[in-house]
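Structure file model_3.cif (mmCIF, C-alpha atoms and all ligand atoms) follows.
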data_upload
#
loop_
_atom_site.label_atom_id
_atom_site.label_comp_id
_atom_site.auth_asym_id
_atom_site.auth_seq_id
_atom_site.Cartn_x
_atom_site.Cartn_y
_atom_site.Cartn_z
CA MET A 62 9.28 16.44 -21.59
CA THR A 63 5.84 14.94 -21.26
CA ALA A 64 5.85 12.05 -18.84
CA GLN A 65 4.99 8.48 -19.64
CA VAL A 66 1.94 7.56 -17.59
CA ILE A 67 2.50 4.47 -15.44
CA ASP A 68 -0.83 2.68 -15.67
CA GLY A 69 -1.29 1.20 -12.21
CA LYS A 70 -4.78 0.04 -13.02
CA ALA A 71 -3.61 -2.09 -15.95
CA PHE A 72 -0.54 -3.36 -14.08
CA ALA A 73 -2.73 -4.28 -11.10
CA ALA A 74 -5.01 -6.28 -13.40
CA GLU A 75 -1.92 -8.19 -14.62
CA VAL A 76 -0.83 -8.91 -11.05
CA ARG A 77 -4.33 -10.12 -10.17
CA GLY A 78 -4.27 -12.34 -13.26
CA LYS A 79 -1.05 -13.98 -12.03
CA VAL A 80 -2.52 -14.37 -8.55
CA ALA A 81 -5.64 -15.99 -10.02
CA GLU A 82 -3.52 -18.52 -11.99
CA HIS A 83 -1.66 -19.53 -8.85
CA VAL A 84 -4.87 -19.72 -6.82
CA LYS A 85 -6.27 -22.13 -9.39
CA ARG A 86 -3.12 -24.27 -9.20
CA LEU A 87 -3.37 -24.37 -5.39
CA LYS A 88 -6.96 -25.51 -5.64
CA ASP A 89 -6.26 -28.16 -8.31
CA LYS A 90 -3.02 -29.55 -6.88
CA HIS A 91 -3.43 -29.02 -3.14
CA ASP A 92 -7.17 -28.50 -2.62
CA LEU A 93 -6.23 -25.23 -0.91
CA VAL A 94 -8.21 -21.97 -1.10
CA PRO A 95 -6.40 -18.88 0.28
CA GLY A 96 -8.63 -16.92 2.66
CA LEU A 97 -8.51 -13.21 3.54
CA ALA A 98 -10.32 -11.68 6.52
CA VAL A 99 -10.84 -7.91 6.61
CA VAL A 100 -11.83 -6.32 9.91
CA LEU A 101 -13.47 -2.90 9.88
CA VAL A 102 -14.30 -1.10 13.12
CA GLY A 103 -16.77 1.75 12.74
CA GLU A 104 -18.39 3.25 9.69
CA ASP A 105 -15.87 5.55 8.03
CA PRO A 106 -17.40 5.84 4.53
CA ALA A 107 -14.03 5.89 2.70
CA SER A 108 -12.93 2.74 4.53
CA GLN A 109 -16.16 1.03 3.58
CA VAL A 110 -15.43 1.66 -0.10
CA TYR A 111 -11.98 0.05 0.21
CA VAL A 112 -13.35 -2.89 2.14
CA ARG A 113 -15.97 -3.47 -0.54
CA SER A 114 -13.53 -3.34 -3.46
CA LYS A 115 -11.08 -5.60 -1.59
CA GLY A 116 -13.84 -8.15 -0.99
CA LYS A 117 -14.94 -8.11 -4.63
CA GLN A 118 -11.42 -8.48 -6.03
CA THR A 119 -10.59 -11.23 -3.53
CA THR A 120 -13.44 -13.44 -4.74
CA GLU A 121 -12.66 -12.58 -8.37
CA VAL A 122 -9.21 -14.19 -8.07
CA GLY A 123 -10.79 -17.29 -6.52
CA MET A 124 -9.96 -16.66 -2.88
CA LYS A 125 -12.21 -16.80 0.13
CA SER A 126 -13.19 -13.38 1.44
CA VAL A 127 -14.55 -12.75 4.93
CA GLU A 128 -15.56 -9.35 6.25
CA HIS A 129 -16.07 -8.49 9.92
CA LYS A 130 -17.77 -5.16 10.44
CA LEU A 131 -17.73 -4.17 14.10
CA ASP A 132 -19.48 -1.31 15.91
CA VAL A 133 -17.50 1.88 16.36
CA ASP A 134 -17.59 1.37 20.15
CA THR A 135 -16.35 -2.24 20.07
CA SER A 136 -14.13 -2.93 23.09
CA GLU A 137 -10.46 -3.76 22.72
CA ALA A 138 -11.07 -7.14 24.38
CA ASP A 139 -13.73 -8.04 21.80
CA LEU A 140 -11.52 -7.00 18.89
CA LEU A 141 -8.57 -8.98 20.29
CA ALA A 142 -10.84 -12.00 20.77
CA LEU A 143 -11.88 -11.82 17.10
CA ILE A 144 -8.23 -11.58 15.99
CA ASP A 145 -7.38 -14.56 18.19
CA LYS A 146 -10.16 -16.54 16.54
CA LEU A 147 -8.93 -15.58 13.05
CA ASN A 148 -5.33 -16.43 14.03
CA LYS A 149 -6.50 -19.96 14.88
CA ASP A 150 -8.76 -20.39 11.82
CA GLU A 151 -6.95 -22.60 9.29
CA SER A 152 -9.13 -21.38 6.41
CA ILE A 153 -7.84 -17.82 6.93
CA HIS A 154 -4.33 -17.04 5.67
CA GLY A 155 -4.45 -13.25 5.72
CA ILE A 156 -5.86 -10.79 8.27
CA LEU A 157 -6.20 -7.06 7.61
CA VAL A 158 -7.46 -4.66 10.25
CA GLN A 159 -8.45 -1.47 8.47
CA LEU A 160 -6.68 1.62 9.83
CA PRO A 161 -7.11 4.10 11.40
CA LEU A 162 -8.94 2.51 14.33
CA PRO A 163 -11.27 4.50 16.62
CA LYS A 164 -9.24 6.38 19.25
CA HIS A 165 -10.14 4.16 22.23
CA LEU A 166 -8.34 1.20 20.62
CA ASP A 167 -4.55 0.77 20.88
CA GLU A 168 -3.47 0.38 17.26
CA ASP A 169 -0.01 -1.04 18.02
CA LEU A 170 -1.43 -3.60 20.44
CA VAL A 171 -4.10 -4.67 17.94
CA ILE A 172 -1.68 -5.00 15.01
CA ASN A 173 0.87 -6.89 17.08
CA SER A 174 -1.77 -9.39 18.17
CA ILE A 175 -2.15 -10.61 14.57
CA ASP A 176 -0.17 -13.78 13.81
CA PRO A 177 2.84 -12.34 11.86
CA ALA A 178 2.45 -15.15 9.30
CA LYS A 179 -1.09 -13.86 8.59
CA ASP A 180 -0.17 -10.18 8.73
CA VAL A 181 -0.74 -9.43 5.04
CA ASP A 182 -0.37 -5.68 5.70
CA GLY A 183 3.18 -6.26 6.94
CA PHE A 184 2.61 -3.94 9.93
CA HIS A 185 3.46 -6.39 12.77
CA ILE A 186 6.75 -5.53 14.51
CA SER A 187 8.19 -8.91 13.47
CA ASN A 188 7.58 -8.17 9.82
CA VAL A 189 8.89 -4.62 10.18
CA GLY A 190 12.08 -6.02 11.75
CA LEU A 191 12.46 -8.72 9.11
CA LEU A 192 12.07 -6.17 6.30
CA GLY A 193 14.53 -3.80 7.98
CA THR A 194 17.16 -6.54 8.20
CA GLY A 195 16.57 -7.80 4.66
CA GLN A 196 14.94 -11.08 5.69
CA LYS A 197 11.88 -12.77 4.20
CA SER A 198 8.76 -11.06 5.54
CA MET A 199 5.28 -9.85 4.71
CA VAL A 200 5.82 -6.58 2.84
CA PRO A 201 3.34 -3.68 3.22
CA CYS A 202 1.05 -3.56 0.19
CA THR A 203 1.26 0.09 -0.83
CA PRO A 204 5.08 0.32 -0.86
CA LEU A 205 5.26 -3.11 -2.51
CA GLY A 206 2.95 -1.91 -5.29
CA CYS A 207 5.10 1.20 -5.77
CA LEU A 208 8.27 -0.93 -5.92
CA MET A 209 6.73 -3.25 -8.52
CA MET A 210 5.85 -0.29 -10.75
CA LEU A 211 9.34 1.21 -10.36
CA ARG A 212 11.05 -2.09 -11.18
CA GLU A 213 8.79 -2.63 -14.16
CA HIS A 214 9.57 0.86 -15.48
CA HIS A 215 13.33 1.01 -14.76
CA GLY A 216 14.52 -2.57 -14.54
CA SER A 217 17.29 -1.92 -11.99
CA LEU A 218 16.98 0.90 -9.44
CA SER A 219 20.58 0.52 -8.31
CA GLY A 220 22.36 3.81 -7.53
CA MET A 221 19.32 6.01 -8.15
CA ASP A 222 18.56 8.94 -5.82
CA ALA A 223 15.15 8.36 -4.22
CA VAL A 224 13.26 10.83 -2.06
CA VAL A 225 10.29 9.58 -0.06
CA ILE A 226 8.08 12.38 1.27
CA GLY A 227 6.33 11.07 4.39
CA ARG A 228 7.58 8.84 7.23
CA SER A 229 4.49 6.91 8.30
CA ASN A 230 4.81 3.30 9.39
CA ILE A 231 2.37 2.18 6.70
CA VAL A 232 3.88 3.93 3.66
CA GLY A 233 6.94 6.17 4.03
CA LYS A 234 9.22 4.06 6.22
CA PRO A 235 8.65 0.68 4.53
CA MET A 236 8.92 2.38 1.11
CA ALA A 237 12.33 3.71 2.11
CA GLN A 238 13.41 0.21 3.25
CA LEU A 239 12.38 -1.33 -0.05
CA LEU A 240 14.18 1.34 -2.10
CA LEU A 241 17.29 0.82 0.04
CA GLY A 242 16.95 -2.91 -0.55
CA ASP A 243 17.09 -2.18 -4.29
CA SER A 244 20.26 -0.10 -3.72
CA CYS A 245 18.81 3.39 -4.12
CA THR A 246 20.33 6.27 -2.17
CA VAL A 247 17.33 7.09 -0.02
CA THR A 248 16.22 10.31 1.66
CA ILE A 249 13.11 10.38 3.84
CA ALA A 250 11.53 13.85 4.04
CA HIS A 251 8.76 14.91 6.43
CA SER A 252 7.03 17.94 7.89
CA ARG A 253 10.21 19.21 9.57
CA THR A 254 12.44 18.82 6.51
CA LYS A 255 14.24 22.06 5.60
CA ASP A 256 14.21 23.16 1.97
CA LEU A 257 11.96 20.33 0.82
CA ALA A 258 11.96 21.73 -2.73
CA ASP A 259 15.75 21.40 -2.95
CA VAL A 260 15.69 17.91 -1.47
CA VAL A 261 13.10 16.78 -4.00
CA ARG A 262 15.00 18.42 -6.90
CA ARG A 263 17.87 15.94 -6.41
CA ALA A 264 15.65 12.92 -6.83
CA ASP A 265 15.59 10.47 -9.73
CA ILE A 266 12.61 8.87 -7.97
CA VAL A 267 10.05 10.85 -5.93
CA VAL A 268 7.50 8.98 -3.81
CA ALA A 269 4.91 11.36 -2.33
CA ALA A 270 2.97 9.96 0.67
CA VAL A 271 1.85 13.00 2.62
CA GLY A 272 -1.92 13.36 2.51
CA ARG A 273 -1.88 16.98 1.30
CA PRO A 274 -3.68 17.56 -1.98
CA GLU A 275 -1.38 18.52 -4.89
CA MET A 276 1.37 19.83 -2.60
CA VAL A 277 4.32 18.89 -4.87
CA PRO A 278 4.58 21.35 -7.77
CA GLY A 279 6.24 20.56 -11.10
CA ASP A 280 9.17 22.88 -10.49
CA TRP A 281 10.38 20.61 -7.65
CA ILE A 282 10.76 17.74 -10.10
CA LYS A 283 14.09 17.08 -11.81
CA GLU A 284 13.68 16.80 -15.57
CA GLY A 285 13.01 13.13 -16.41
CA ALA A 286 12.46 11.92 -12.82
CA THR A 287 9.93 9.23 -11.97
CA VAL A 288 7.05 10.40 -9.76
CA ILE A 289 5.02 7.93 -7.69
CA ASP A 290 1.96 9.57 -6.15
CA VAL A 291 0.59 7.66 -3.16
CA GLY A 292 -1.78 10.39 -1.98
CA ILE A 293 -5.53 9.86 -2.01
CA ASN A 294 -7.27 13.15 -1.28
CA ARG A 295 -10.89 13.96 -1.97
CA ILE A 296 -11.32 17.66 -2.79
CA GLU A 297 -14.26 19.82 -3.80
CA LYS A 298 -14.30 21.16 -7.33
CA ASP A 299 -15.69 24.58 -8.37
CA ASP A 300 -19.02 22.99 -9.33
CA GLY A 301 -19.42 21.59 -5.79
CA LYS A 302 -18.75 17.99 -6.83
CA THR A 303 -15.77 16.13 -5.35
CA LYS A 304 -12.81 14.52 -7.07
CA LEU A 305 -9.83 12.44 -6.07
CA VAL A 306 -6.36 13.99 -6.34
CA GLY A 307 -2.92 12.88 -5.26
CA ASP A 308 -0.15 14.59 -3.29
CA VAL A 309 1.49 15.93 -6.47
CA ASP A 310 0.19 18.56 -8.82
CA TYR A 311 -0.27 16.22 -11.76
CA ALA A 312 -0.55 18.84 -14.52
CA SER A 313 2.74 20.59 -13.74
CA CYS A 314 4.64 17.44 -12.66
CA GLU A 315 3.69 15.62 -15.83
CA GLU A 316 5.49 18.30 -17.87
CA ARG A 317 8.82 17.65 -16.14
CA ALA A 318 8.74 14.01 -15.09
CA GLY A 319 9.92 11.10 -17.21
CA ALA A 320 7.15 8.92 -15.78
CA ILE A 321 4.29 9.49 -13.37
CA THR A 322 1.48 7.55 -11.71
CA PRO A 323 -2.03 9.04 -11.94
CA VAL A 324 -4.61 9.34 -9.14
CA PRO A 325 -6.92 7.51 -9.37
CA GLY A 326 -5.58 4.56 -11.35
CA GLY A 327 -2.00 4.45 -10.02
CA VAL A 328 -0.87 3.27 -6.62
CA GLY A 329 -4.37 2.51 -5.25
CA PRO A 330 -5.22 -0.44 -7.51
CA MET A 331 -1.68 -1.84 -7.02
CA THR A 332 -2.20 -1.76 -3.24
CA ILE A 333 -5.19 -4.06 -3.49
CA ALA A 334 -3.45 -6.34 -6.01
CA CYS A 335 -0.50 -6.66 -3.60
CA LEU A 336 -2.85 -7.48 -0.75
CA LEU A 337 -4.12 -10.43 -2.79
CA ALA A 338 -0.53 -11.38 -3.71
CA ASN A 339 0.44 -11.31 -0.01
CA THR A 340 -2.54 -13.49 0.90
CA LEU A 341 -1.48 -16.03 -1.72
CA THR A 342 2.12 -15.91 -0.45
CA ALA A 343 0.92 -16.41 3.14
CA ALA A 344 -1.22 -19.39 2.12
CA CYS A 345 1.76 -21.02 0.35
CA ARG A 346 4.11 -20.44 3.29
CA ALA A 347 1.56 -21.76 5.80
CA ASN A 348 1.29 -25.00 3.83
CA GLY A 349 4.94 -25.52 2.90
CA ILE A 350 4.18 -24.94 -0.78
CA GLU A 351 6.69 -23.12 -2.96
CA GLU A 352 5.55 -19.54 -3.31
CA PRO A 353 5.13 -17.88 -6.71
CA GLU A 354 7.96 -15.71 -8.01
CA GLY A 355 7.63 -12.01 -8.77
CA LEU A 356 4.78 -11.35 -6.37
CA THR A 357 6.81 -10.11 -3.43
CA ALA A 358 9.88 -7.93 -2.84
N1 LIG A 401 -2.90 4.59 -2.55
C1 LIG A 401 -2.89 3.84 -1.47
O1 LIG A 401 -2.99 2.65 -1.54
C2 LIG A 401 -2.72 4.47 -0.14
C3 LIG A 401 -2.76 5.82 -0.04
N2 LIG A 401 -2.56 6.44 1.15
C4 LIG A 401 -2.55 7.92 1.12
O2 LIG A 401 -1.21 8.36 1.21
C5 LIG A 401 -1.13 9.56 1.93
C6 LIG A 401 -0.20 9.38 3.11
O3 LIG A 401 -0.70 8.40 3.97
P1 LIG A 401 -0.01 8.04 5.37
O4 LIG A 401 1.42 7.72 5.16
O5 LIG A 401 -0.88 7.07 6.03
O6 LIG A 401 -0.13 9.48 6.11
P2 LIG A 401 0.33 10.00 7.53
O7 LIG A 401 -0.56 11.14 7.86
O8 LIG A 401 0.49 8.88 8.50
O9 LIG A 401 1.80 10.56 7.23
C7 LIG A 401 1.99 11.70 6.47
C8 LIG A 401 3.46 12.06 6.41
O10 LIG A 401 3.59 13.25 5.64
C9 LIG A 401 4.42 14.16 6.34
N3 LIG A 401 4.03 15.54 6.05
C10 LIG A 401 2.92 16.20 6.44
N4 LIG A 401 2.94 17.47 5.99
C11 LIG A 401 4.10 17.61 5.31
C12 LIG A 401 4.68 18.70 4.63
N5 LIG A 401 4.11 19.88 4.54
N6 LIG A 401 5.88 18.49 4.04
C13 LIG A 401 6.48 17.30 4.11
N7 LIG A 401 5.97 16.24 4.74
C14 LIG A 401 4.78 16.39 5.34
C15 LIG A 401 4.23 13.86 7.80
O11 LIG A 401 5.36 14.31 8.50
P3 LIG A 401 5.52 14.18 10.10
O12 LIG A 401 5.85 12.75 10.34
O13 LIG A 401 6.63 15.10 10.41
O14 LIG A 401 4.20 14.60 10.68
C16 LIG A 401 4.07 12.34 7.79
O15 LIG A 401 5.31 11.71 7.90
C17 LIG A 401 -2.58 9.89 2.29
O16 LIG A 401 -3.10 10.72 1.28
C18 LIG A 401 -3.27 8.56 2.25
O17 LIG A 401 -4.65 8.67 1.97
C19 LIG A 401 -2.25 5.73 2.26
C20 LIG A 401 -2.19 4.38 2.23
C21 LIG A 401 -2.45 3.64 1.02
N1 LIG A 402 -4.76 -1.83 7.35
C1 LIG A 402 -4.83 -1.01 6.31
N2 LIG A 402 -4.20 -1.34 5.16
C2 LIG A 402 -4.26 -0.51 4.07
O1 LIG A 402 -3.65 -0.80 3.02
C3 LIG A 402 -5.04 0.69 4.15
C4 LIG A 402 -5.69 0.96 5.37
N3 LIG A 402 -5.56 0.11 6.41
N4 LIG A 402 -6.41 2.09 5.52
C5 LIG A 402 -6.64 2.99 4.40
C6 LIG A 402 -5.51 2.97 3.40
C7 LIG A 402 -5.87 3.51 2.04
N5 LIG A 402 -5.77 2.39 1.12
C8 LIG A 402 -6.16 2.42 -0.22
C9 LIG A 402 -6.23 1.28 -1.00
C10 LIG A 402 -6.69 1.33 -2.30
C11 LIG A 402 -7.10 2.52 -2.86
C12 LIG A 402 -7.63 2.53 -4.26
O2 LIG A 402 -7.83 1.50 -4.88
N6 LIG A 402 -7.90 3.73 -4.84
C13 LIG A 402 -8.43 3.89 -6.19
C14 LIG A 402 -9.62 4.83 -6.22
C15 LIG A 402 -10.73 4.50 -5.27
C16 LIG A 402 -11.83 5.54 -5.26
O3 LIG A 402 -12.28 5.96 -6.34
O4 LIG A 402 -12.22 5.93 -4.14
C17 LIG A 402 -7.37 4.50 -7.09
O5 LIG A 402 -6.46 5.15 -6.57
O6 LIG A 402 -7.49 4.35 -8.31
C18 LIG A 402 -7.00 3.66 -2.12
C19 LIG A 402 -6.54 3.62 -0.81
C20 LIG A 402 -5.38 1.30 1.81
N7 LIG A 402 -5.18 1.56 3.10
#
Can you present the structure in this file as structure tokens?
Amino acid sequence: MTAQVIDGKAFAAEVRGKVAEHVKRLKDKHDLVPGLAVVLVGEDPASQVYVRSKGKQTTEVGMKSVEHKLDVDTSEADLLALIDKLNKDESIHGILVQLPLPKHLDEDLVINSIDPAKDVDGFHISNVGLLGTGQKSMVPCTPLGCLMMLREHHGSLSGMDAVVIGRSNIVGKPMAQLLLGDSCTVTIAHSRTKDLADVVRRADIVVAAVGRPEMVPGDWIKEGATVIDVGINRIEKDDGKTKLVGDVDYASCEERAGAITPVPGGVGPMTIACLLANTLTAACRANGIEEPEGLTA
């Protein structure tokens, strides 16, 4: 079998189109412009690329985009003071603090100081708890983007065997919650999992979120399974140039899978589209306006 390629880039453009329509309606009917603030501490070059593309796509859908770039040695007190200011700013509906933070800053403390209603990453403990108990929340962007692609491809996910490789708070765990919410039978695998190959071989849906270049080979994939590759790894090619690869070995997985997301052009663009969708949702909720359908879990 040669897999159908799930075109995350095209799907993300569709999602952004829907967001843009709703943003226009908010402006026309309610004189409301959703605002997103992105906070970047330090100068990690990869993070800077994301921050730039987020900013560009935010203004393209008609939202307000604000970027705060802070020195790598910014104190925790100064960062918390900025978050407090953004929490109180009525023109800002979404706040994203780019992770990872420099080591001297307490990531949990910083994230939990964001107003949960503005926590468009869905990382605040309130949102994590709401998601875990099946209540309305802000849903983390990367898992949400993966879920949207899976629903689009399969319709219903009910009863499917899903294996999530990786148990991070930002991808693996919320992904597992969302799949459970859609009635999959979910297994979360991680670095201590025994016989990972056999665990993955059971799966109708494989979500790889590990951060190890091309670690999942095609012979772990059940014939016809759907493979969602979250990994973003920059590796050096033979000619000394670098390229982006995922956590699955695309060439061999494509031969066995029924459907697969490419890297780049898969999960990444959906993550940013979902960030914009979450910002729109937050702006609607903050103003008591009915939120658009189909843009959250
Ligand atoms: N496309 C996108 O939008 C995004 C992509 N990413 C990418 O996704 C990947 C994962 O990110 P993130 O979740 O933050 O990563 P983390 O490093 O936080 O988590 C990685 C997980 O993989 C597990 N793991 C490590 N080695 C193995 C192994 N050999 N076998 C099985 N499991 C293993 C770890 O297990 P343990 O817990 O036991 O250590 C851990 O749970 C990265 O490549 C990242 O760049 C991340 C966010 C968004
Ligand atoms: N608070 C926080 N929230 C995040 O959501 C968050 C974060 N911190 N820290 C870093 C990770 C990583 N991440 C990506 C988003 C988009 C692409 C993306 O669009 N990638 C393109 C390629 C980009 C390129 O060419 O470099 C693609 O896959 O096609 C990748 C990675 C969000 N993250």
(request) Output the neighbourhood of ligand LIG 401 (chain A) as a VMD selection string, that is, all protein and nucleic acid residues with some atom at most 6 Å from the ligand, counting all atoms listed in the file. (result) chain A and resid 203 226 to 229 231 to 233 251 to 253 270 to 272 291 to 294 328 to 329 332
(request) Would you please work out which residue, of A:His154, A:Lys85, A:Lys283, A:Lys115, is nearest to ligand LIG 402 (chain A) when using only C-alpha atoms and all ligand atoms? (result)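 That would be A:Lys115, the residue with the smallest distance to ligand LIG 402 (chain A).
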Closest atom pairs, chain A residues within 8 Å of ligand LIG 402 (chain A), all atoms listed in the file, as JSON lines:
{"residue": "A:Gly69", "atom": "CA", "partner": "A:LIG402", "partner_atom": "O6", "distance": 8.0}
{"residue": "A:Lys70", "atom": "CA", "partner": "A:LIG402", "partner_atom": "O6", "distance": 6.9}
{"residue": "A:Ala107", "atom": "CA", "partner": "A:LIG402", "partner_atom": "O4", "distance": 7.1}
{"residue": "A:Ser108", "atom": "CA", "partner": "A:LIG402", "partner_atom": "C5", "distance": 6.3}
{"residue": "A:Val110", "atom": "CA", "partner": "A:LIG402", "partner_atom": "O4", "distance": 6.7}
{"residue": "A:Tyr111", "atom": "CA", "partner": "A:LIG402", "partner_atom": "C10", "distance": 6.0}
{"residue": "A:Ser114", "atom": "CA", "partner": "A:LIG402", "partner_atom": "O2", "distance": 7.6}
{"residue": "A:Leu157", "atom": "CA", "partner": "A:LIG402", "partner_atom": "N1", "distance": 5.4}
{"residue": "A:Val158", "atom": "CA", "partner": "A:LIG402", "partner_atom": "N1", "distance": 4.9}
{"residue": "A:Gln159", "atom": "CA", "partner": "A:LIG402", "partner_atom": "N1", "distance": 3.9}
{"residue": "A:Leu160", "atom": "CA", "partner": "A:LIG402", "partner_atom": "N3", "distance": 3.9}
{"residue": "A:Pro161", "atom": "CA", "partner": "A:LIG402", "partner_atom": "N4", "distance": 6.3}
{"residue": "A:Asp182", "atom": "CA", "partner": "A:LIG402", "partner_atom": "N2", "distance": 5.8}
{"residue": "A:Pro201", "atom": "CA", "partner": "A:LIG402", "partner_atom": "O1", "distance": 7.6}
{"residue": "A:Cys202", "atom": "CA", "partner": "A:LIG402", "partner_atom": "O1", "distance": 6.1}
{"residue": "A:Thr203", "atom": "CA", "partner": "A:LIG402", "partner_atom": "O1", "distance": 6.3}
{"residue": "A:Ile231", "atom": "CA", "partner": "A:LIG402", "partner_atom": "N2", "distance": 7.6}
{"residue": "A:Ile293", "atom": "CA", "partner": "A:LIG402", "partner_atom": "C18", "distance": 6.4}
{"residue": "A:Leu305", "atom": "CA", "partner": "A:LIG402", "partner_atom": "O3", "distance": 6.9}
{"residue": "A:Pro323", "atom": "CA", "partner": "A:LIG402", "partner_atom": "O5", "distance": 8.0}
{"residue": "A:Val324", "atom": "CA", "partner": "A:LIG402", "partner_atom": "O5", "distance": 5.3}
{"residue": "A:Pro325", "atom": "CA", "partner": "A:LIG402", "partner_atom": "O6", "distance": 3.4}
{"residue": "A:Gly326", "atom": "CA", "partner": "A:LIG402", "partner_atom": "O6", "distance": 3.6}
{"residue": "A:Gly327", "atom": "CA", "partner": "A:LIG402", "partner_atom": "O5", "distance": 5.7}
{"residue": "A:Val328", "atom": "CA", "partner": "A:LIG402", "partner_atom": "O5", "distance": 5.9}
{"residue": "A:Gly329", "atom": "CA", "partner": "A:LIG402", "partner_atom": "C12", "distance": 3.4}
{"residue": "A:Pro330", "atom": "CA", "partner": "A:LIG402", "partner_atom": "O2", "distance": 4.2}
{"residue": "A:Met331", "atom": "CA", "partner": "A:LIG402", "partner_atom": "O2", "distance": 7.3}
{"residue": "A:Thr332", "atom": "CA", "partner": "A:LIG402", "partner_atom": "C9", "distance": 5.5}
{"residue": "A:Ile333", "atom": "CA", "partner": "A:LIG402", "partner_atom": "C10", "distance": 5.7}
{"residue": "A:Leu336", "atom": "CA", "partner": "A:LIG402", "partner_atom": "O1", "distance": 7.7}
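When CA of Met236 (chain A) is paired with CA of Leu356 (chain A), their separation reads 16.2 Å.
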(request) Record the distance separating CA of Ala334 (chain A) and CA of Gly116 (chain A), expressed in Å with one decimal. (result) 11.7 Å
(message) Using all atoms listed in the file, which protein or nucleic acid residues come within 9 Å of Glu352 (chain A)? Drop anything in the same chain fewer than 5 positions from it, and give the result as a count of residues only.
(response) 6
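The nearest approach to Thr248 (chain A) among the residues A:Glu213, A:Glu137, A:Asp265, A:Asp280, with all atoms listed in the file taken into account, belongs to A:Asp265.
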(message) I'd like the interatomic distance between CA of Ile321 (chain A) and CA of Ile289 (chain A), to a tenth of an Å.
(response)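 Between these atoms lies a distance of 5.9 Å.
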(message) When you count all atoms listed in the file, which of these residues is closest to Asp92 (chain A): A:Ala73, A:Asn173, A:Ser152, A:Thr254?
(response)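 Using all atoms listed in the file, the shortest distance to Asp92 (chain A) belongs to A:Ser152.
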(message) So that I can see what lies close to Lys149 (chain A), please list as a ChimeraX atom specification the residues with an atom at most 12 Å from it, counting only C-alpha atoms and leaving out residues fewer than 6 positions away in the same chain.
(response) /A:142-143,155-156,175-176,178-179
(message) Measuring between all atoms listed in the file, which one of A:Leu162, A:Ile350, A:Thr322, A:Ala358 shows the shortest distance to Arg86 (chain A)?
(response)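 Residue with the minimum atom-to-atom distance to Arg86 (chain A): A:Ile350.
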(message) I need the residue nearest Ala138 (chain A) from this list: A:Ala237, A:Cys335, A:Leu166, A:Ile282. Use all atoms listed in the file for the distance.
(response)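 Using all atoms listed in the file, the shortest distance to Ala138 (chain A) belongs to A:Leu166.
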Contact residues around Pro163 (chain A) with all atoms listed in the file at 9 Å, ignoring same-chain residues under 4 positions, as an mmCIF file with C-alpha atoms, in the coordinates of the input:
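New file result34.cif:
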data_model
loop_
_atom_site.group_PDB
_atom_site.id
_atom_site.type_symbol
_atom_site.label_atom_id
_atom_site.label_comp_id
_atom_site.auth_asym_id
_atom_site.auth_seq_id
_atom_site.Cartn_x
_atom_site.Cartn_y
_atom_site.Cartn_z
ATOM 1 C CA VAL A 102 -14.300 -1.100 13.120
ATOM 2 C CA GLY A 103 -16.770 1.750 12.740
ATOM 3 C CA VAL A 133 -17.500 1.880 16.360
ATOM 4 C CA ASP A 134 -17.590 1.370 20.150
ATOM 5 C CA ASP A 167 -4.550 0.770 20.880
ATOM 6 C CA GLU A 168 -3.470 0.380 17.260
#
(message) Neighbouring residues of Arg295 (chain A) were defined as those with any atom within 8 Å, considering only C-alpha atoms; residues of the same chain fewer than 6 positions away were excluded. Please report them as a ChimeraX atom specification.
(response) /A:303-306
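With only C-alpha atoms as the atoms that count, the minimum distance from Glu151 (chain A) to the choices A:Val80, A:Pro95, A:Val261, A:Gly319 is reached by A:Pro95.
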(request) Would you mind listing what lies within 8 Å of Thr119 (chain A) as a PyMOL selection string, with only C-alpha atoms counted and same-chain residues fewer than 5 positions away left out? (result) chain A and resi 97+124-126+337
File contents for region 304-327 of chain A with C-alpha atoms as a compact mmCIF listing (two decimals), in the first residue's frame:
# COMPACT_ATOMS: atom_id res chain seq x y z
CA LYS A 304 16.93 19.37 6.38
CA LEU A 305 13.85 18.92 8.52
CA VAL A 306 12.68 15.37 9.28
CA GLY A 307 10.04 13.93 11.55
CA ASP A 308 10.09 11.18 14.16
CA VAL A 309 9.06 8.52 11.61
CA ASP A 310 11.07 7.19 8.72
CA TYR A 311 8.81 8.60 6.04
CA ALA A 312 10.05 6.48 3.11
CA SER A 313 9.44 3.10 4.78
CA CYS A 314 6.31 4.16 6.72
CA GLU A 315 4.66 5.51 3.60
CA GLU A 316 4.84 2.03 2.05
CA ARG A 317 2.78 0.47 4.85
CA ALA A 318 0.54 3.24 6.15
CA GLY A 319 -2.92 4.05 4.82
CA ALA A 320 -2.30 7.75 5.44
CA ILE A 321 0.64 9.79 6.68
CA THR A 322 1.52 13.40 7.48
CA PRO A 323 4.74 14.77 5.94
CA VAL A 324 7.42 16.86 7.67
CA PRO A 325 7.51 19.71 6.85
CA GLY A 326 3.96 20.46 5.72
CA GLY A 327 2.01 18.28 8.18
